[in-house]
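> Below you'll find the structure I mean.
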Amino acid sequence: MPQNGLKKEPLDVQKIRKDFPILSRKVHGQPLVYLDNAATTQKPLPLICALTTYYQLNNANVHRGVHTLSEEATAQMEEARGKVAKFIGAEDPATVIFTRNTTESINLVAFSWARKNLKEGDEILLTEMEHHSNLVPWQLAAKAVGAKLRFIPVTGHEGLLDLSQVSKLLTDKTKLVAITHMSNALGTINPVKELAKAAHAAGALILVDGAQSVPHLPVRVKDLDCDFLAFSAHKMLGPTGVGVLWARREILEAMDPFLGGGDMISQVWKDHATWNELPYKFEAGTPNITGAIAFGVAIDYLEEIGMEKIRAHEMELAGYALTALKDNFPRMVLYGPADVALRGGVVSFNLPGVHPHDVGTIVDQDGVAIRVGHHCCQVLMKKFDIAGTARASFYIYNEPREVDALIRSLQKVERLFKAPASLPVP
Amino acid sequence: MTDIDDLYRDVILDHFRNPRNHGRVTDPQISVEGVNPFCGDQIQLTAKVQEGRILDICVEGKGCSISQSSASMMTEALKGRTLARSQELVGQFKRMMLGNASGEDLPEELEDLAALEGVKKYPVRVKCALLAWNTVLEGISEFEKNGTSVVKQHTEE
């Protein structure tokens with residue numbers, strides 16, 4: 001994990017905030033404190049402008065028309081694909097497939113790769129901290145072919161993987177390791193590079209769920225040496241409805257298509273068809289052209305700031321939040337690694353005796369947006385025997401004073417739930 | 001009173017901290033597990049029914065203050081009532097939470113439940129308040145259909 005960013009000059013958060021019009025709105029009469037970035041991030045003006053400009057000046061379908069607008073749209077979309085490839089250190093833009101979101105990217109692999117390459121008795125190795133999107137597609141695929149799912153355990157509230165189990169779990173039956181790079185519920189950053197090495201040594205491929213890591217850390221597919229990488233645009237300033245699957249070319253070449261339809265074919269007869277080249281083989285139908293182009297603009301925005309700086313900024317915020325929460329709420333249960341070098345800008349917690357939904361409702365009244373619940377990680381919640389957690393997650397525009405606002409609001413939660421005598425009589 | 005104080009009234013927090021009729025009745029005629037998958041609220045409702053009357057009713061479970069206090073207040077309201085009257089009361093409570101009826105329209109037996117009217121301002125939380133009531137309703141109607149003990153699951157949708 002590159003940490004030299006810490007030494008560099010910090011982000012100009014005030015300048016960044018000016019690019020996000022939504023940050024100046026009020027919620028329940030209070031300035032919005034948006035701490036739900038692991039769910040989706042806010043959008044900067046350049047991206048909003050790119051969306052409207054496209055519809056005002058460029059709108060056309062791609063890869064079909066011979067007219068100018070269509071050629072322009074195609075060129076713009078392919079330029080965006082190139083930006084995505086460069087952003088994740090992929091040499092070949094044709095290995096970047098646009099999907100709807102991370103979930104669809106993983107399902108694409110589960111349908112087009114796993115169902116073809118897995119057989120009865122084979123195993124898929126996951127972890128106990130996977131989001132449902134990197135679990136349920138494998139349950140479906142495993143059921144279809146008679147394969148088994150195995151899980152690397154999570155150690156406890158510290159939220160680290162028990163890597164001592166890997167050598168036992170990773171066998172010649174393992175055909176795929178599918179693992180989150182950074183947990184959306186705990187913030188844990190997993191050692192995917194080491195796991196990729198172990199997976200390959202065992203003859204398995206590795207899929208990395210990058211939904212939480214690609215937006216927040218420098219991620220290079222070559223460096224990780226992974227086989228598949230899935231992530232979503234909307235968690236990194238981009239629009240909703242655009243996701244990415246990157247995979248090694250030879251794997252994609254050998255895979256069957258996922259969805260059939262226009263654009264993914266080369267030639268079609270009454271009873272069969274041949275497939276288009278990569279990446280179009282996996283992009284049936286009219287894609288989210290505007291979304292992909294705007295995603296390119298979001299990537300430009302992130303690159304201009306620099307991913308190492310972003311990582312350093314979030315480490316600082318996570319450290320500040322962890323310390324402030326511990327100092328102000330000695331009884332609070334915190335989830336995820338204590339060491340900020342091992343975690344992203346995600347802080348998950350519970351106040352004893354208070355259900356996370358009550359926490360969420362109360363802080364929302366103060367304009368503080370956090371996520372409460374199981375975070376689509378019911379396996380992890382069951383392991384911890386909790387209904388859910390409250391989660392604050394940060395991005396480039398968040399500041400320490402917003403952590404302070406969360407703390408003030410949580411103090412209200414504690415007052416309300418601890419000291420009934422002090423409450424006004426209804 | 002701020003909106004939050006209006007939502008988390010003393011009576012609600014009191015029932016949350018000290019739930020009434022907590023636990024399970026022995027040899028229940030009605031036993032229903034109610035779950036709200038959206039937020040993980042879960043209750044186990046058991047009731048003893050004799051000659052069309054709820055002799056005893058208990059709830060245990062886990063979840064937010066709204067779901068658990070609503071369940072506790074419900075057991076107080078329904079204990080000793082006939083099944084027919086209980087169904088009416090459930091209907092009246094639901095009309096307050098989902099319809100135009102206000103807390104003032106509630107009958108005497110449901111007086112305390114007016115405290116939950118504040119939940120109406122938080123649409124996602126209304127389900128929490130309704131969980132116990134829909135759970136008991138399902139148990140009663142199933143019991144009336146079968147006439148014998150019922151064990152069921154209710155999922156809040």
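Letters A, B, ... mark the chains of the structure tokens in the order given; residue numbers begin at 1 per chain; ligand numbers begin at 1, in order shown.
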Near segment 3-14 of chain B, within 6 Å and counting only C-alpha atoms, which residues show up once chain neighbours fewer than 2 positions away are dropped, as a PyMOL selection string?

chain B and resi 16-18+69+118-119

> Using N, CA and C atoms, can you write the selected residues to a file as a PDB file, in the first residue's frame?


```pdb
ATOM      1  N   PHE B  16     -39.105   0.541  25.646  1.00  0.00           N
ATOM      2  CA  PHE B  16     -37.932  -0.069  25.008  1.00  0.00           C
ATOM      3  C   PHE B  16     -36.979  -0.614  26.073  1.00  0.00           C
ATOM      4  N   ARG B  17     -36.768   0.184  27.125  1.00  0.00           N
ATOM      5  CA  ARG B  17     -35.829  -0.247  28.179  1.00  0.00           C
ATOM      6  C   ARG B  17     -36.433  -1.328  29.065  1.00  0.00           C
ATOM      7  N   ASN B  18     -37.722  -1.193  29.349  1.00  0.00           N
ATOM      8  CA  ASN B  18     -38.392  -2.145  30.247  1.00  0.00           C
ATOM      9  C   ASN B  18     -39.612  -2.730  29.558  1.00  0.00           C
ATOM     10  N   SER B  69     -40.737  -1.154  21.422  1.00  0.00           N
ATOM     11  CA  SER B  69     -41.678  -0.467  22.319  1.00  0.00           C
ATOM     12  C   SER B  69     -43.100  -0.638  21.809  1.00  0.00           C
ATOM     13  N   GLY B 118     -45.787  10.052  16.177  1.00  0.00           N
ATOM     14  CA  GLY B 118     -44.626  10.794  15.670  1.00  0.00           C
ATOM     15  C   GLY B 118     -43.838  10.019  14.615  1.00  0.00           C
ATOM     16  N   VAL B 119     -43.983   8.691  14.619  1.00  0.00           N
ATOM     17  CA  VAL B 119     -43.244   7.854  13.661  1.00  0.00           C
ATOM     18  C   VAL B 119     -43.712   8.116  12.225  1.00  0.00           C
TER      19      VAL B 119
END
```

> Please identify all polymer residues within 9 Å of segment 30-47 of chain B, counting only C-alpha atoms, omitting same-chain residues fewer than 3 positions from it, and present them as a PDB file with N, CA, C and O atoms, in the first residue's frame.


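After the write, around_32.pdb holds the following:
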```pdb
ATOM      1  N   HIS A 357     -30.631   1.720  13.584  1.00  0.00           N
ATOM      2  CA  HIS A 357     -31.651   2.510  12.886  1.00  0.00           C
ATOM      3  C   HIS A 357     -32.097   3.720  13.693  1.00  0.00           C
ATOM      4  O   HIS A 357     -32.444   4.757  13.125  1.00  0.00           O
ATOM      5  N   VAL A 372     -26.954   2.981   8.015  1.00  0.00           N
ATOM      6  CA  VAL A 372     -27.158   2.069   9.139  1.00  0.00           C
ATOM      7  C   VAL A 372     -27.768   0.784   8.617  1.00  0.00           C
ATOM      8  O   VAL A 372     -28.511   0.793   7.641  1.00  0.00           O
ATOM      9  N   GLY A 373     -27.424  -0.331   9.265  1.00  0.00           N
ATOM     10  CA  GLY A 373     -27.998  -1.606   8.851  1.00  0.00           C
ATOM     11  C   GLY A 373     -26.926  -2.648   8.635  1.00  0.00           C
ATOM     12  O   GLY A 373     -25.828  -2.547   9.193  1.00  0.00           O
ATOM     13  N   HIS A 374     -27.243  -3.645   7.808  1.00  0.00           N
ATOM     14  CA  HIS A 374     -26.302  -4.761   7.641  1.00  0.00           C
ATOM     15  C   HIS A 374     -25.309  -4.533   6.505  1.00  0.00           C
ATOM     16  O   HIS A 374     -24.425  -5.347   6.269  1.00  0.00           O
ATOM     17  N   ALA A 387     -27.564  -6.888  14.533  1.00  0.00           N
ATOM     18  CA  ALA A 387     -28.511  -6.598  13.451  1.00  0.00           C
ATOM     19  C   ALA A 387     -27.840  -5.743  12.390  1.00  0.00           C
ATOM     20  O   ALA A 387     -28.168  -5.816  11.212  1.00  0.00           O
ATOM     21  N   GLY A 388     -26.889  -4.943  12.821  1.00  0.00           N
ATOM     22  CA  GLY A 388     -26.229  -4.058  11.879  1.00  0.00           C
ATOM     23  C   GLY A 388     -25.302  -3.124  12.615  1.00  0.00           C
ATOM     24  O   GLY A 388     -25.069  -3.281  13.813  1.00  0.00           O
TER      25      GLY A 388
ATOM     26  N   GLY B  23     -41.023 -12.134  27.126  1.00  0.00           N
ATOM     27  CA  GLY B  23     -40.756 -13.565  27.233  1.00  0.00           C
ATOM     28  C   GLY B  23     -41.731 -14.369  26.396  1.00  0.00           C
ATOM     29  O   GLY B  23     -42.177 -13.906  25.337  1.00  0.00           O
ATOM     30  N   ARG B  24     -42.018 -15.590  26.857  1.00  0.00           N
ATOM     31  CA  ARG B  24     -42.948 -16.457  26.115  1.00  0.00           C
ATOM     32  C   ARG B  24     -43.962 -17.039  27.081  1.00  0.00           C
ATOM     33  O   ARG B  24     -43.616 -17.360  28.220  1.00  0.00           O
ATOM     34  N   VAL B  25     -45.203 -17.210  26.623  1.00  0.00           N
ATOM     35  CA  VAL B  25     -46.199 -17.885  27.459  1.00  0.00           C
ATOM     36  C   VAL B  25     -45.985 -19.392  27.293  1.00  0.00           C
ATOM     37  O   VAL B  25     -45.467 -19.847  26.267  1.00  0.00           O
ATOM     38  N   THR B  26     -46.385 -20.161  28.307  1.00  0.00           N
ATOM     39  CA  THR B  26     -46.254 -21.613  28.177  1.00  0.00           C
ATOM     40  C   THR B  26     -47.466 -22.164  27.427  1.00  0.00           C
ATOM     41  O   THR B  26     -48.577 -21.630  27.542  1.00  0.00           O
ATOM     42  N   ASP B  27     -47.244 -23.203  26.664  1.00  0.00           N
ATOM     43  CA  ASP B  27     -48.284 -23.840  25.842  1.00  0.00           C
ATOM     44  C   ASP B  27     -49.152 -22.818  25.087  1.00  0.00           C
ATOM     45  O   ASP B  27     -50.361 -22.744  25.299  1.00  0.00           O
ATOM     46  N   ILE B  54     -57.817 -13.394  24.606  1.00  0.00           N
ATOM     47  CA  ILE B  54     -56.369 -13.495  24.825  1.00  0.00           C
ATOM     48  C   ILE B  54     -56.114 -13.423  26.333  1.00  0.00           C
ATOM     49  O   ILE B  54     -56.187 -12.349  26.923  1.00  0.00           O
ATOM     50  N   LEU B  55     -55.831 -14.583  26.921  1.00  0.00           N
ATOM     51  CA  LEU B  55     -55.606 -14.609  28.377  1.00  0.00           C
ATOM     52  C   LEU B  55     -54.243 -14.039  28.717  1.00  0.00           C
ATOM     53  O   LEU B  55     -54.059 -13.337  29.687  1.00  0.00           O
ATOM     54  N   ASP B  56     -53.280 -14.405  27.872  1.00  0.00           N
ATOM     55  CA  ASP B  56     -51.913 -13.946  28.134  1.00  0.00           C
ATOM     56  C   ASP B  56     -51.227 -13.742  26.794  1.00  0.00           C
ATOM     57  O   ASP B  56     -51.501 -14.470  25.831  1.00  0.00           O
ATOM     58  N   ILE B  57     -50.353 -12.752  26.746  1.00  0.00           N
ATOM     59  CA  ILE B  57     -49.617 -12.499  25.501  1.00  0.00           C
ATOM     60  C   ILE B  57     -48.234 -11.976  25.852  1.00  0.00           C
ATOM     61  O   ILE B  57     -48.080 -11.128  26.725  1.00  0.00           O
ATOM     62  N   CYS B  58     -47.222 -12.557  25.216  1.00  0.00           N
ATOM     63  CA  CYS B  58     -45.837 -12.150  25.486  1.00  0.00           C
ATOM     64  C   CYS B  58     -45.099 -11.924  24.169  1.00  0.00           C
ATOM     65  O   CYS B  58     -45.433 -12.521  23.147  1.00  0.00           O
ATOM     66  N   VAL B  59     -44.083 -11.061  24.251  1.00  0.00           N
ATOM     67  CA  VAL B  59     -43.224 -10.836  23.097  1.00  0.00           C
ATOM     68  C   VAL B  59     -41.786 -10.835  23.570  1.00  0.00           C
ATOM     69  O   VAL B  59     -41.478 -10.291  24.632  1.00  0.00           O
ATOM     70  N   GLU B  60     -40.911 -11.475  22.792  1.00  0.00           N
ATOM     71  CA  GLU B  60     -39.481 -11.232  22.997  1.00  0.00           C
ATOM     72  C   GLU B  60     -38.851 -11.036  21.627  1.00  0.00           C
ATOM     73  O   GLU B  60     -39.377 -11.518  20.621  1.00  0.00           O
ATOM     74  N   GLY B  61     -37.765 -10.301  21.610  1.00  0.00           N
ATOM     75  CA  GLY B  61     -37.159 -10.067  20.311  1.00  0.00           C
ATOM     76  C   GLY B  61     -36.039  -9.067  20.389  1.00  0.00           C
ATOM     77  O   GLY B  61     -35.616  -8.668  21.471  1.00  0.00           O
ATOM     78  N   LYS B  62     -35.550  -8.691  19.211  1.00  0.00           N
ATOM     79  CA  LYS B  62     -34.545  -7.632  19.192  1.00  0.00           C
ATOM     80  C   LYS B  62     -34.796  -6.726  18.001  1.00  0.00           C
ATOM     81  O   LYS B  62     -35.321  -7.162  16.971  1.00  0.00           O
ATOM     82  N   GLY B  63     -34.420  -5.495  18.190  1.00  0.00           N
ATOM     83  CA  GLY B  63     -34.652  -4.537  17.122  1.00  0.00           C
ATOM     84  C   GLY B  63     -34.593  -3.129  17.666  1.00  0.00           C
ATOM     85  O   GLY B  63     -34.174  -2.909  18.801  1.00  0.00           O
ATOM     86  N   CYS B  64     -35.042  -2.188  16.849  1.00  0.00           N
ATOM     87  CA  CYS B  64     -34.929  -0.787  17.230  1.00  0.00           C
ATOM     88  C   CYS B  64     -35.955  -0.432  18.302  1.00  0.00           C
ATOM     89  O   CYS B  64     -36.869  -1.205  18.583  1.00  0.00           O
ATOM     90  N   SER B  67     -39.729  -0.593  17.091  1.00  0.00           N
ATOM     91  CA  SER B  67     -40.349  -1.912  16.931  1.00  0.00           C
ATOM     92  C   SER B  67     -40.585  -2.574  18.280  1.00  0.00           C
ATOM     93  O   SER B  67     -41.629  -3.184  18.517  1.00  0.00           O
ATOM     94  N   GLN B  68     -39.620  -2.454  19.197  1.00  0.00           N
ATOM     95  CA  GLN B  68     -39.733  -3.169  20.462  1.00  0.00           C
ATOM     96  C   GLN B  68     -40.705  -2.483  21.424  1.00  0.00           C
ATOM     97  O   GLN B  68     -41.455  -3.141  22.147  1.00  0.00           O
ATOM     98  N   ALA B  71     -44.250  -3.211  20.271  1.00  0.00           N
ATOM     99  CA  ALA B  71     -44.662  -4.572  20.636  1.00  0.00           C
ATOM    100  C   ALA B  71     -45.050  -4.629  22.111  1.00  0.00           C
ATOM    101  O   ALA B  71     -46.055  -5.244  22.481  1.00  0.00           O
ATOM    102  N   LYS B  79     -53.938  -7.705  26.019  1.00  0.00           N
ATOM    103  CA  LYS B  79     -54.072  -8.720  27.067  1.00  0.00           C
ATOM    104  C   LYS B  79     -55.475  -8.641  27.692  1.00  0.00           C
ATOM    105  O   LYS B  79     -55.919  -7.574  28.136  1.00  0.00           O
ATOM    106  N   LYS B 127     -42.808   0.820   9.302  1.00  0.00           N
ATOM    107  CA  LYS B 127     -42.785  -0.651   9.328  1.00  0.00           C
ATOM    108  C   LYS B 127     -42.336  -1.175  10.681  1.00  0.00           C
ATOM    109  O   LYS B 127     -42.792  -2.224  11.128  1.00  0.00           O
ATOM    110  N   CYS B 128     -41.389  -0.482  11.298  1.00  0.00           N
ATOM    111  CA  CYS B 128     -40.899  -0.911  12.619  1.00  0.00           C
ATOM    112  C   CYS B 128     -42.066  -0.905  13.604  1.00  0.00           C
ATOM    113  O   CYS B 128     -42.248  -1.841  14.379  1.00  0.00           O
ATOM    114  N   LEU B 131     -44.680  -3.853  12.940  1.00  0.00           N
ATOM    115  CA  LEU B 131     -44.264  -5.266  12.939  1.00  0.00           C
ATOM    116  C   LEU B 131     -45.087  -6.133  13.907  1.00  0.00           C
ATOM    117  O   LEU B 131     -45.669  -7.146  13.514  1.00  0.00           O
ATOM    118  N   ALA B 132     -45.170  -5.724  15.176  1.00  0.00           N
ATOM    119  CA  ALA B 132     -45.862  -6.553  16.181  1.00  0.00           C
ATOM    120  C   ALA B 132     -47.346  -6.685  15.847  1.00  0.00           C
ATOM    121  O   ALA B 132     -47.948  -7.752  16.025  1.00  0.00           O
ATOM    122  N   ASN B 134     -48.929  -6.441  12.845  1.00  0.00           N
ATOM    123  CA  ASN B 134     -49.186  -7.337  11.718  1.00  0.00           C
ATOM    124  C   ASN B 134     -48.898  -8.786  12.093  1.00  0.00           C
ATOM    125  O   ASN B 134     -49.544  -9.706  11.601  1.00  0.00           O
ATOM    126  N   THR B 135     -47.933  -8.961  12.984  1.00  0.00           N
ATOM    127  CA  THR B 135     -47.604 -10.319  13.438  1.00  0.00           C
ATOM    128  C   THR B 135     -48.766 -10.917  14.219  1.00  0.00           C
ATOM    129  O   THR B 135     -49.179 -12.054  13.982  1.00  0.00           O
ATOM    130  N   VAL B 136     -49.350 -10.146  15.146  1.00  0.00           N
ATOM    131  CA  VAL B 136     -50.457 -10.675  15.939  1.00  0.00           C
ATOM    132  C   VAL B 136     -51.680 -10.897  15.052  1.00  0.00           C
ATOM    133  O   VAL B 136     -52.416 -11.875  15.203  1.00  0.00           O
ATOM    134  N   GLU B 138     -51.763 -11.736  11.941  1.00  0.00           N
ATOM    135  CA  GLU B 138     -51.565 -12.968  11.185  1.00  0.00           C
ATOM    136  C   GLU B 138     -51.824 -14.181  12.078  1.00  0.00           C
ATOM    137  O   GLU B 138     -52.453 -15.153  11.653  1.00  0.00           O
ATOM    138  N   GLY B 139     -51.358 -14.114  13.325  1.00  0.00           N
ATOM    139  CA  GLY B 139     -51.578 -15.213  14.265  1.00  0.00           C
ATOM    140  C   GLY B 139     -53.057 -15.420  14.556  1.00  0.00           C
ATOM    141  O   GLY B 139     -53.553 -16.557  14.548  1.00  0.00           O
ATOM    142  N   ILE B 140     -53.762 -14.315  14.776  1.00  0.00           N
ATOM    143  CA  ILE B 140     -55.190 -14.429  15.112  1.00  0.00           C
ATOM    144  C   ILE B 140     -55.985 -14.988  13.925  1.00  0.00           C
ATOM    145  O   ILE B 140     -56.783 -15.904  14.078  1.00  0.00           O
ATOM    146  N   GLU B 142     -55.015 -16.796  11.444  1.00  0.00           N
ATOM    147  CA  GLU B 142     -54.672 -18.204  11.227  1.00  0.00           C
ATOM    148  C   GLU B 142     -55.328 -19.080  12.299  1.00  0.00           C
ATOM    149  O   GLU B 142     -55.853 -20.161  11.997  1.00  0.00           O
ATOM    150  N   PHE B 143     -55.332 -18.610  13.530  1.00  0.00           N
ATOM    151  CA  PHE B 143     -55.935 -19.353  14.636  1.00  0.00           C
ATOM    152  C   PHE B 143     -57.438 -19.512  14.408  1.00  0.00           C
ATOM    153  O   PHE B 143     -58.024 -20.575  14.628  1.00  0.00           O
ATOM    154  N   THR B 148     -57.042 -24.525  15.958  1.00  0.00           N
ATOM    155  CA  THR B 148     -56.060 -25.156  16.848  1.00  0.00           C
ATOM    156  C   THR B 148     -54.819 -24.270  16.936  1.00  0.00           C
ATOM    157  O   THR B 148     -54.783 -23.190  16.353  1.00  0.00           O
ATOM    158  N   SER B 149     -53.829 -24.744  17.654  1.00  0.00           N
ATOM    159  CA  SER B 149     -52.614 -23.948  17.830  1.00  0.00           C
ATOM    160  C   SER B 149     -51.955 -23.633  16.490  1.00  0.00           C
ATOM    161  O   SER B 149     -51.938 -24.483  15.602  1.00  0.00           O
ATOM    162  N   VAL B 150     -51.421 -22.431  16.363  1.00  0.00           N
ATOM    163  CA  VAL B 150     -50.743 -22.083  15.124  1.00  0.00           C
ATOM    164  C   VAL B 150     -49.320 -21.634  15.415  1.00  0.00           C
ATOM    165  O   VAL B 150     -49.045 -20.945  16.386  1.00  0.00           O
ATOM    166  N   VAL B 151     -48.437 -22.091  14.544  1.00  0.00           N
ATOM    167  CA  VAL B 151     -47.052 -21.633  14.586  1.00  0.00           C
ATOM    168  C   VAL B 151     -46.756 -21.077  13.209  1.00  0.00           C
ATOM    169  O   VAL B 151     -46.937 -21.771  12.208  1.00  0.00           O
ATOM    170  N   LYS B 152     -46.371 -19.810  13.163  1.00  0.00           N
ATOM    171  CA  LYS B 152     -46.240 -19.179  11.852  1.00  0.00           C
ATOM    172  C   LYS B 152     -45.068 -18.223  11.800  1.00  0.00           C
ATOM    173  O   LYS B 152     -44.498 -17.865  12.820  1.00  0.00           O
ATOM    174  N   GLN B 153     -44.781 -17.802  10.593  1.00  0.00           N
ATOM    175  CA  GLN B 153     -43.800 -16.746  10.418  1.00  0.00           C
ATOM    176  C   GLN B 153     -44.444 -15.613   9.656  1.00  0.00           C
ATOM    177  O   GLN B 153     -45.213 -15.845   8.719  1.00  0.00           O
ATOM    178  N   HIS B 154     -44.172 -14.394  10.104  1.00  0.00           N
ATOM    179  CA  HIS B 154     -44.696 -13.237   9.389  1.00  0.00           C
ATOM    180  C   HIS B 154     -43.527 -12.376   8.931  1.00  0.00           C
ATOM    181  O   HIS B 154     -42.642 -12.046   9.709  1.00  0.00           O
ATOM    182  N   THR B 155     -43.534 -12.041   7.648  1.00  0.00           N
ATOM    183  CA  THR B 155     -42.487 -11.157   7.139  1.00  0.00           C
ATOM    184  C   THR B 155     -43.108  -9.830   6.747  1.00  0.00           C
ATOM    185  O   THR B 155     -44.049  -9.786   5.959  1.00  0.00           O
ATOM    186  N   GLU B 156     -42.583  -8.783   7.323  1.00  0.00           N
ATOM    187  CA  GLU B 156     -43.069  -7.427   7.040  1.00  0.00           C
ATOM    188  C   GLU B 156     -42.590  -7.036   5.641  1.00  0.00           C
ATOM    189  O   GLU B 156     -41.405  -7.130   5.355  1.00  0.00           O
ATOM    190  N   GLU B 157     -43.506  -6.648   4.769  1.00  0.00           N
ATOM    191  CA  GLU B 157     -43.077  -6.303   3.406  1.00  0.00           C
ATOM    192  C   GLU B 157     -43.248  -4.824   3.133  1.00  0.00           C
ATOM    193  O   GLU B 157     -44.117  -4.193   3.657  1.00  0.00           O
TER     194      GLU B 157
END
```

> Skipping near chain neighbours, those fewer than 2 positions away, what residues fall within 7 Å of Asp366 of chain A using only C-alpha atoms, listed as a list in words?

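Within the cut-off, the hits are His28, Gln30, Val363, Asp364, Val368 and Ser409 of chain A.
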
> Can you list, as an NGL selection string, every protein, DNA or RNA residue that comes within 10 Å of Leu83 of chain B when you count only C-alpha atoms, leaving out same-chain residues fewer than 6 positions away?

:B and (49-54 or 89 or 137 or 140-141 or 143-144)

> Give me the residues near segment 32-35 of chain A as JSON, numbers by chain, where near means some atom within 10 Å (using only C-alpha atoms) and where sequence neighbours in that chain fewer than 2 positions away do not count.

{"A": [22, 23, 24, 25, 26, 27, 28, 29, 30, 37, 38, 39, 40, 41, 42, 345, 346, 347, 363, 364, 366, 367, 368, 369, 370, 371, 391, 392, 393, 394, 395, 397, 398, 399, 401, 402, 403, 405, 406]}

> When distances are computed from only C-alpha atoms, which of A:Leu186, A:Ile299, A:Leu149, A:Ile88 shows the smallest separation from Asp223 of chain A?

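Ranked by minimum distance to Asp223 of chain A, first place goes to A:Ile88.
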
> From the set B:Ile66, B:Met96, B:Gln29, B:Gly147, which residue has the shortest atom-to-atom contact distance to chain A, counting only C-alpha atoms?

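Looking only at the distances to chain A, the closest residue turns out to be B:Ile66.
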
> Would you please give, as a list of chain:residue names, all residues of segment 81-150 of chain A that DSSP assigns to alpha helix (DSSP H) based on the backbone?

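Selecting the alpha helix (DSSP H) positions of segment 81-150 of chain A gives A:Arg81, A:Gly82, A:Lys83, A:Val84, A:Ala85, A:Lys86, A:Phe87, A:Thr102, A:Thr103, A:Glu104, A:Ser105, A:Ile106, A:Asn107, A:Leu108, A:Arg115, A:Lys116, A:Asn117, A:Val136, A:Pro137, A:Trp138, A:Gln139, A:Leu140, A:Ala141, A:Ala142, A:Lys143, A:Ala144, A:Val145.
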
> Would you mind listing what lies within 12 Å of Met255 of chain A as a short mmCIF file (atom, residue, chain, number, x, y, z; two decimals) with C-alpha atoms, in the first residue's frame, with only C-alpha atoms counted and same-chain residues fewer than 6 positions away left out?


```cif
data_model
loop_
_atom_site.label_atom_id
_atom_site.label_comp_id
_atom_site.auth_asym_id
_atom_site.auth_seq_id
_atom_site.Cartn_x
_atom_site.Cartn_y
_atom_site.Cartn_z
CA LEU A 108 -20.93 -11.63 -15.74
CA VAL A 109 -17.98 -13.68 -14.46
CA ALA A 110 -20.28 -16.02 -12.51
CA PHE A 111 -22.33 -16.75 -15.63
CA SER A 112 -19.82 -16.61 -18.46
CA TRP A 113 -16.72 -17.93 -16.72
CA ALA A 114 -17.73 -19.94 -13.63
CA ARG A 115 -20.56 -21.94 -15.18
CA LYS A 116 -18.27 -23.00 -17.99
CA ASN A 117 -15.09 -23.65 -16.04
CA ALA A 247 -10.10 -9.16 -16.90
CA ARG A 248 -7.02 -10.58 -18.54
CA ARG A 249 -7.47 -10.75 -22.29
CA TRP A 275 -19.22 -12.88 -31.57
CA GLU A 277 -14.28 -8.73 -30.68
CA LEU A 278 -13.46 -7.55 -27.17
CA PRO A 279 -14.81 -5.65 -25.36
CA LYS A 281 -18.62 -9.27 -27.08
CA PHE A 282 -19.71 -8.50 -23.53
#
```

> Check segment 33-261 of chain A with DSSP on the backbone and list each residue it calls strand (DSSP E or B), as a PyMOL selection string.

chain A and resi 33-34+36+96-99+123-127+148-152+154+161+174-180+182+188-189+205-209+228-232+243-247

> If we count only C-alpha atoms and set the cut-off at 10 Å, which residues sit around segment 210-219 of chain A, ignoring sequence neighbours fewer than 6 positions away in its own chain? Please answer as an MDAnalysis selection string.

chainID A and resid 1:2 37:39 41 87:89 101:103 131 179:184 187 189:190 228:238 243:245 299 302 306:314 344:346 394:396

> Can you work out the spacing between atom CA of Arg408 of chain A and atom CA of Leu334 of chain A in Å, to one decimal?

17.5 Å

> Taking only C-alpha atoms into account, which of B:Arg81, B:His15, B:Arg95, B:Lys145 comes nearest chain A?

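Nearest to chain A: B:His15.
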
> From the set B:Asn100, B:Gln92, B:Ser70, B:Ser65, which residue has the shortest atom-to-atom contact distance to chain A, counting only C-alpha atoms?

B:Ser65
